[in-house]
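One structure is given below, encoded as structure tokens.
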Amino acid sequence: MKNFVRGFTLIELLVYVALLAVILTLATQFILTVVESAARMDAKDEVGKNAVAIARTFDYIARHSNTIYGPTSDFVSDPGQVSFVSNINLPEDENETYTDIYVDNDKFCTKKEISGVDCVTSSRVKVTSLIFTVTDEGLSSESVQMRATVRFNSPRPEYYFADTIQTSVRLRNY
């Protein structure tokens with residue numbers, strides 16, 4: 001009687017190893033694609049959230065202001081700066097307060113007399129353009145338009161996402 005030895009032949013073992021290598025390669029490619037796609041979506045989402053935060057901040061400050069303070073406003077440069085005068089939330093013994101909106105170190109910032117500097121955007125994005133325009137249109141109050149460009153802060157070109165947001169606000173002259 002012959003004894004049969006159970007096991008794999010060398011060729012069977014090589015076929016199994018080759019199939020395992022192909023499956024692992026495909027799985028790795030799939031995982032890398034999913035991770036890259038998630039990172040791109042995160043970059044796009046971060047730019048969008050920061051652009052909305054800029055628009056909301058500008059809108060809130062401008063709507064609660066009486067007028068534009070001309071000596072510290074810059075409507076020519078990019079990035080520009082605008083200063084608003086308000087009589088809401090005044091410091092003690094004052095009858096008006098000032099709020100500046102500007103870009104500092106690629107961040108969108110506001111500076112209030114009573115509370116200091118507040119940078120609205122995260123460190124993950126850069127504000128690459130900030131332009132203010134004033135229009136009067138012969139109406140009783142001024143209108144200020146802001147255009148800001150925000151881009152994701154990454155050296156990798158596949159994560160280059162930029163968004164330009166534009167908004168206009170008519171001052172209420174409280």
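So you can find residues: chains in the structure tokens are A, B, ... in the order shown, residues in each start at 1, and ligands are numbered from 1 in order.
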Skipping near chain neighbours, those fewer than 4 positions away, what residues fall within 9 Å of Arg151 of chain A using only C-alpha atoms, listed as a PyMOL selection string? chain A and resi 43-44+47+124-128+160-164
DSSP says alpha helix (DSSP H) for which residues of chain A? Put them as an MDAnalysis selection string? chainID A and resid 10:63
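Near Ser122 of chain A, within a cut-off of 12 Å and counting only C-alpha atoms, sit the residues A:Ala43, A:Glu46, A:Val47, A:Gly48, A:Lys49, A:Asn50, A:Ala51, A:Ala53, A:Ile54, A:Asn105, A:Asp106, A:Lys107, A:Phe108, A:Cys109, A:Asp118, A:Lys126, A:Val127, A:Val150, A:Arg151, A:Phe152, A:Asn153, with same-chain residues fewer than 4 positions away left out.
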Neighbours of Ser77 of chain A within 10 Å (only C-alpha atoms; same-chain residues fewer than 3 positions away dropped), as a count of residues only? 7
Using DSSP on the backbone coordinates, identify all residues within segment 68-111 of chain A classified as strand (DSSP E); present the result as a short mmCIF file (atom, residue, chain, number, x, y, z; two decimals) with C-alpha atoms, in the first residue's frame.
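Writing the result to selection_2.cif gives the following:
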```cif
data_model
loop_
_atom_site.label_atom_id
_atom_site.label_comp_id
_atom_site.auth_asym_id
_atom_site.auth_seq_id
_atom_site.Cartn_x
_atom_site.Cartn_y
_atom_site.Cartn_z
CA ILE A 68 -17.45 103.57 7.72
CA VAL A 82 -12.43 98.44 6.40
CA SER A 83 -13.22 100.12 9.71
CA PHE A 84 -16.75 100.54 10.98
CA VAL A 85 -18.15 102.93 13.59
CA SER A 86 -20.90 101.67 15.86
CA THR A 97 -16.68 102.25 19.07
CA TYR A 98 -14.62 101.04 16.11
CA THR A 99 -14.26 97.63 14.51
CA ASP A 100 -11.61 96.85 11.88
CA ILE A 101 -11.79 93.98 9.37
CA TYR A 102 -8.52 92.98 7.69
CA VAL A 103 -6.16 90.13 6.76
CA ASP A 104 -3.23 89.36 9.06
CA LYS A 107 -6.11 85.03 8.26
CA PHE A 108 -9.34 87.03 8.21
CA CYS A 109 -9.34 89.07 11.43
CA THR A 110 -11.50 91.57 13.25
CA LYS A 111 -10.29 94.03 15.84
#
```
